[in-house]
$ cat protein03.pdb   # PDB, C-alpha atoms
ATOM      1  CA  MET Q  20      83.794 119.007  99.318  1.00  0.00           C
ATOM      2  CA  ALA Q  21      83.436 118.737 103.091  1.00  0.00           C
ATOM      3  CA  THR Q  22      85.773 120.797 105.252  1.00  0.00           C
ATOM      4  CA  GLU Q  23      87.732 119.311 108.138  1.00  0.00           C
ATOM      5  CA  VAL Q  24      85.335 120.958 110.582  1.00  0.00           C
ATOM      6  CA  ASP Q  25      82.332 119.436 108.804  1.00  0.00           C
ATOM      7  CA  VAL Q  26      83.882 115.972 108.886  1.00  0.00           C
ATOM      8  CA  THR Q  27      84.851 116.220 112.566  1.00  0.00           C
ATOM      9  CA  ARG Q  28      81.406 117.464 113.565  1.00  0.00           C
ATOM     10  CA  THR Q  29      79.734 114.743 111.491  1.00  0.00           C
ATOM     11  CA  LEU Q  30      81.845 111.951 113.009  1.00  0.00           C
ATOM     12  CA  GLY Q  31      81.031 113.125 116.528  1.00  0.00           C
ATOM     13  CA  ALA Q  32      77.324 113.308 115.767  1.00  0.00           C
ATOM     14  CA  LEU Q  33      77.379 109.875 114.133  1.00  0.00           C
ATOM     15  CA  ALA Q  34      79.158 108.174 117.024  1.00  0.00           C
ATOM     16  CA  ALA Q  35      76.822 109.683 119.595  1.00  0.00           C
ATOM     17  CA  THR Q  36      73.609 109.081 117.641  1.00  0.00           C
ATOM     18  CA  LEU Q  37      74.361 105.519 116.541  1.00  0.00           C
ATOM     19  CA  ASN Q  38      75.331 104.479 120.066  1.00  0.00           C
ATOM     20  CA  ASP Q  39      72.331 106.240 121.632  1.00  0.00           C
ATOM     21  CA  GLN Q  40      69.898 104.645 119.197  1.00  0.00           C
ATOM     22  CA  LYS Q  41      71.657 101.247 119.457  1.00  0.00           C
ATOM     23  CA  LEU Q  42      71.303 100.325 115.790  1.00  0.00           C
ATOM     24  CA  GLY Q  43      71.968  96.594 115.354  1.00  0.00           C
ATOM     25  CA  GLU Q  44      73.371  96.909 111.843  1.00  0.00           C
ATOM     26  CA  PHE Q  45      74.565  99.548 109.409  1.00  0.00           C
ATOM     27  CA  ASP Q  46      71.519 101.260 107.902  1.00  0.00           C
ATOM     28  CA  SER Q  47      72.846 103.486 105.125  1.00  0.00           C
ATOM     29  CA  ALA Q  48      69.571 105.430 104.828  1.00  0.00           C
ATOM     30  CA  ARG Q  49      69.564 106.283 108.549  1.00  0.00           C
ATOM     31  CA  VAL Q  50      73.273 107.133 108.571  1.00  0.00           C
ATOM     32  CA  GLN Q  51      72.802 109.336 105.496  1.00  0.00           C
ATOM     33  CA  GLU Q  52      69.932 111.113 107.246  1.00  0.00           C
ATOM     34  CA  ILE Q  53      72.157 111.865 110.264  1.00  0.00           C
ATOM     35  CA  VAL Q  54      75.068 112.998 108.069  1.00  0.00           C
ATOM     36  CA  THR Q  55      72.909 115.241 105.877  1.00  0.00           C
ATOM     37  CA  GLY Q  56      71.294 116.789 108.953  1.00  0.00           C
ATOM     38  CA  THR Q  57      74.687 117.496 110.498  1.00  0.00           C
ATOM     39  CA  LEU Q  58      75.886 119.154 107.295  1.00  0.00           C
ATOM     40  CA  GLY Q  59      72.907 121.507 107.125  1.00  0.00           C
ATOM     41  CA  GLY Q  60      71.018 119.609 104.435  1.00  0.00           C
ATOM     42  CA  GLU Q  61      73.925 119.256 101.991  1.00  0.00           C
ATOM     43  CA  GLN Q  62      75.029 115.837 100.761  1.00  0.00           C
ATOM     44  CA  LYS Q  63      78.796 116.337 100.886  1.00  0.00           C
ATOM     45  CA  LEU Q  64      79.393 112.888 102.409  1.00  0.00           C
ATOM     46  CA  ILE Q  65      77.699 109.680 101.283  1.00  0.00           C
ATOM     47  CA  ALA Q  66      76.973 106.683 103.558  1.00  0.00           C
ATOM     48  CA  TYR Q  67      77.883 103.312 102.068  1.00  0.00           C
ATOM     49  CA  GLY Q  68      77.908  99.830 103.585  1.00  0.00           C
ATOM     50  CA  SER Q  69      75.850  97.093 105.212  1.00  0.00           C
ATOM     51  CA  GLY Q  70      75.961  94.602 108.064  1.00  0.00           C
ATOM     52  CA  ASN Q  71      78.427  95.487 110.812  1.00  0.00           C
ATOM     53  CA  SER Q  72      80.414  98.112 108.928  1.00  0.00           C
ATOM     54  CA  GLY Q  73      80.167 101.019 106.577  1.00  0.00           C
ATOM     55  CA  GLU Q  74      81.966 104.074 105.274  1.00  0.00           C
ATOM     56  CA  LEU Q  75      81.419 107.733 104.649  1.00  0.00           C
ATOM     57  CA  ARG Q  76      82.668 108.760 101.221  1.00  0.00           C
ATOM     58  CA  GLU Q  77      83.449 112.136  99.759  1.00  0.00           C
ATOM     59  CA  GLY Q  78      80.869 113.357  97.233  1.00  0.00           C
ATOM     60  CA  SER Q  79      79.678 110.010  95.840  1.00  0.00           C
ATOM     61  CA  ILE Q  80      79.901 106.261  96.388  1.00  0.00           C
ATOM     62  CA  ASP Q  81      82.967 106.223  94.102  1.00  0.00           C
ATOM     63  CA  GLY Q  82      84.658 108.996  96.110  1.00  0.00           C
ATOM     64  CA  PRO Q  83      87.498 108.437  98.558  1.00  0.00           C
ATOM     65  CA  ALA Q  84      86.629 107.065 102.005  1.00  0.00           C
ATOM     66  CA  VAL Q  85      86.595 109.696 104.738  1.00  0.00           C
ATOM     67  CA  ALA Q  86      85.583 107.549 107.725  1.00  0.00           C
ATOM     68  CA  ARG Q  87      84.892 103.943 108.672  1.00  0.00           C
ATOM     69  CA  LEU Q  88      82.094 102.835 110.954  1.00  0.00           C
ATOM     70  CA  THR Q  89      82.165  99.450 112.689  1.00  0.00           C
ATOM     71  CA  LEU Q  90      79.849  97.695 115.113  1.00  0.00           C
ATOM     72  CA  ASP Q  91      81.656  95.644 117.757  1.00  0.00           C
ATOM     73  CA  ARG Q  92      79.822  94.079 120.719  1.00  0.00           C
ATOM     74  CA  GLY Q  93      76.908  96.485 120.405  1.00  0.00           C
ATOM     75  CA  GLU Q  94      79.065  99.630 120.264  1.00  0.00           C
ATOM     76  CA  TRP Q  95      79.633 101.710 117.144  1.00  0.00           C
ATOM     77  CA  SER Q  96      83.103 103.105 116.542  1.00  0.00           C
ATOM     78  CA  VAL Q  97      83.747 105.833 114.007  1.00  0.00           C
ATOM     79  CA  GLU Q  98      87.302 106.427 112.849  1.00  0.00           C
ATOM     80  CA  ARG Q  99      88.745 108.925 110.407  1.00  0.00           C
ATOM     81  CA  VAL Q 100      90.516 107.509 107.353  1.00  0.00           C
ATOM     82  CA  PRO Q 101      93.724 109.461 106.759  1.00  0.00           C
ATOM     83  CA  PRO Q 102      94.124 110.890 103.264  1.00  0.00           C
ATOM     84  CA  GLU Q 103      96.452 109.024 100.921  1.00  0.00           C
ATOM     85  CA  ARG Q 104      99.838 110.507 100.184  1.00  0.00           C
ATOM     86  CA  LYS Q 105     100.364 112.163  96.815  1.00  0.00           C
ATOM     87  CA  SER Q 106     103.466 110.152  95.901  1.00  0.00           C
ATOM     88  CA  ASP Q 107     104.409 106.504  96.401  1.00  0.00           C
ATOM     89  CA  ALA Q 108     107.855 107.452  97.699  1.00  0.00           C
ATOM     90  CA  LEU Q 109     106.335 109.642 100.397  1.00  0.00           C
ATOM     91  CA  GLN Q 110     103.878 106.900 101.369  1.00  0.00           C
ATOM     92  CA  GLN Q 111     106.718 104.355 101.586  1.00  0.00           C
ATOM     93  CA  TYR Q 112     108.827 106.725 103.709  1.00  0.00           C
ATOM     94  CA  GLU Q 113     105.899 107.281 106.077  1.00  0.00           C
ATOM     95  CA  GLN Q 114     105.435 103.528 106.540  1.00  0.00           C
ATOM     96  CA  GLU Q 115     109.157 103.015 107.205  1.00  0.00           C
ATOM     97  CA  ARG Q 116     109.225 105.925 109.646  1.00  0.00           C
ATOM     98  CA  SER Q 117     106.243 104.638 111.607  1.00  0.00           C
ATOM     99  CA  SER Q 118     107.817 101.186 111.940  1.00  0.00           C
ATOM    100  CA  TYR Q 119     111.156 102.702 113.037  1.00  0.00           C
ATOM    101  CA  THR Q 120     109.860 105.137 115.663  1.00  0.00           C
ATOM    102  CA  GLU Q 121     110.695 102.903 118.622  1.00  0.00           C
ATOM    103  CA  THR Q 122     113.162 104.672 120.888  1.00  0.00           C
ATOM    104  CA  GLU Q 123     115.981 103.114 122.867  1.00  0.00           C
ATOM    105  CA  TYR Q 124     114.058 103.067 126.145  1.00  0.00           C
ATOM    106  CA  GLN Q 125     111.478 100.840 124.460  1.00  0.00           C
ATOM    107  CA  LYS Q 126     114.278  98.309 123.829  1.00  0.00           C
ATOM    108  CA  PRO Q 127     115.522  97.698 127.382  1.00  0.00           C
ATOM    109  CA  ILE Q 128     118.425  95.335 126.664  1.00  0.00           C
ATOM    110  CA  ARG Q 129     119.940  97.531 123.970  1.00  0.00           C
ATOM    111  CA  GLY Q 130     119.412 100.602 126.179  1.00  0.00           C
ATOM    112  CA  ARG Q 131     121.119  98.983 129.183  1.00  0.00           C
ATOM    113  CA  PHE Q 132     124.013  97.911 126.996  1.00  0.00           C
ATOM    114  CA  ALA Q 133     124.443 101.477 125.747  1.00  0.00           C
ATOM    115  CA  ILE Q 134     124.492 102.800 129.336  1.00  0.00           C
ATOM    116  CA  TRP Q 135     127.005 100.137 130.434  1.00  0.00           C
ATOM    117  CA  LYS Q 136     129.242 100.865 127.443  1.00  0.00           C
ATOM    118  CA  LYS Q 137     129.112 104.594 128.189  1.00  0.00           C
ATOM    119  CA  ARG Q 138     130.103 104.042 131.836  1.00  0.00           C
ATOM    120  CA  LEU Q 139     133.038 101.811 130.898  1.00  0.00           C
ATOM    121  CA  SER Q 140     134.368 104.259 128.326  1.00  0.00           C
ATOM    122  CA  GLY Q 141     134.194 107.096 130.858  1.00  0.00           C
ATOM    123  CA  GLY Q 142     131.713 109.089 128.752  1.00  0.00           C
TER     124      GLY Q 142
END

$ encode --input "protein03.pdb" --output "structure tokens"
Amino acid sequence: MATEVDVTRTLGALAATLNDQKLGEFDSARVQEIVTGTLGGEQKLIAYGSGNSGELREGSIDGPAVARLTLDRGEWSVERVPPERKSDALQQYEQERSSYTETEYQKPIRGRFAIWKKRLSGG
């Protein structure tokens, strides 16, 4: 299993190398070579994909995705895939929380109304 440091170092190396070499499509053999080299010769992460996108997976092709690689307008982007939550309730709460995180100043009309109401009530 790859540590967080290994994954972070690998993603940085991948982004830099793929963009420097200007690969036109996802070459799983080349990506695997870069990943294995970054991890000191160990195959903790497996490259999987083709065309304009691919993934790094933990341990084997059937393992969970660790990162996604996409080619857009000649530039490779590498993004970390967050781990799934252990329970469905926790995952649902996280989704609700992220959709509710807007604060009052991001809703100008409601915020102005609250200020006006406060001034009228003397508070």

$ closest_residue --input "protein03.pdb" --among "Q:Arg116, Q:Lys137, Q:Arg92, Q:Lys63" --to "Val26 of chain Q" --atoms "all atoms listed in the file"
Q:Lys63

$ atom_distance --input "protein03.pdb" --atom1 "atom CA of Glu77 of chain Q" --atom2 "atom CA of Ala34 of chain Q"
18.2 Å

$ atom_distance --input "protein03.pdb" --atom1 "atom CA of Ala35 of chain Q" --atom2 "atom CA of Trp95 of chain Q"
8.8 Å

$ atom_distance --input "protein03.pdb" --atom1 "atom CA of Glu98 of chain Q" --atom2 "atom CA of Tyr112 of chain Q"
23.4 Å

$ residues_around --input "protein03.pdb" --residues "Arg28 of chain Q" --least-positions-apart "4" --cutoff "12 Å" --atoms "all atoms listed in the file" --output "count of residues only"
17

$ resolve_selection --input "protein03.pdb" --expression "the PyMOL selection byres ((chain Q and resi 64) around 7)" --output "number ranges by chain"
Q: 62-63, 65-66, 75-78

$ closest_residue --input "protein03.pdb" --among "Q:Ser47, Q:Ile80, Q:Arg87, Q:Ser96" --to "Gly68 of chain Q" --atoms "all atoms listed in the file"
Q:Ser47

$ residues_around --input "protein03.pdb" --residues "Glu94 of chain Q" --least-positions-apart "3" --cutoff "8 Å" --atoms "all atoms listed in the file" --output "VMD selection string"
chain Q and resid 38 41 90 to 91

$ closest_residue --input "protein03.pdb" --among "Q:Asp25, Q:Glu74, Q:Glu115, Q:Asp39" --to "Glu61 of chain Q" --atoms "all atoms listed in the file"
Q:Asp25

$ closest_residue --input "protein03.pdb" --among "Q:Val100, Q:Leu139, Q:Leu109, Q:Ile134" --to "Thr27 of chain Q" --atoms "all atoms listed in the file"
Q:Val100

$ closest_residue --input "protein03.pdb" --among "Q:Glu44, Q:Trp135, Q:Val85, Q:Gln51" --to "Gly70 of chain Q" --atoms "all atoms listed in the file"
Q:Glu44

$ closest_residue --input "protein03.pdb" --among "Q:Gly31, Q:Gly141, Q:Gly60, Q:Gly43" --to "Ser72 of chain Q" --atoms "only C-alpha atoms"
Q:Gly43
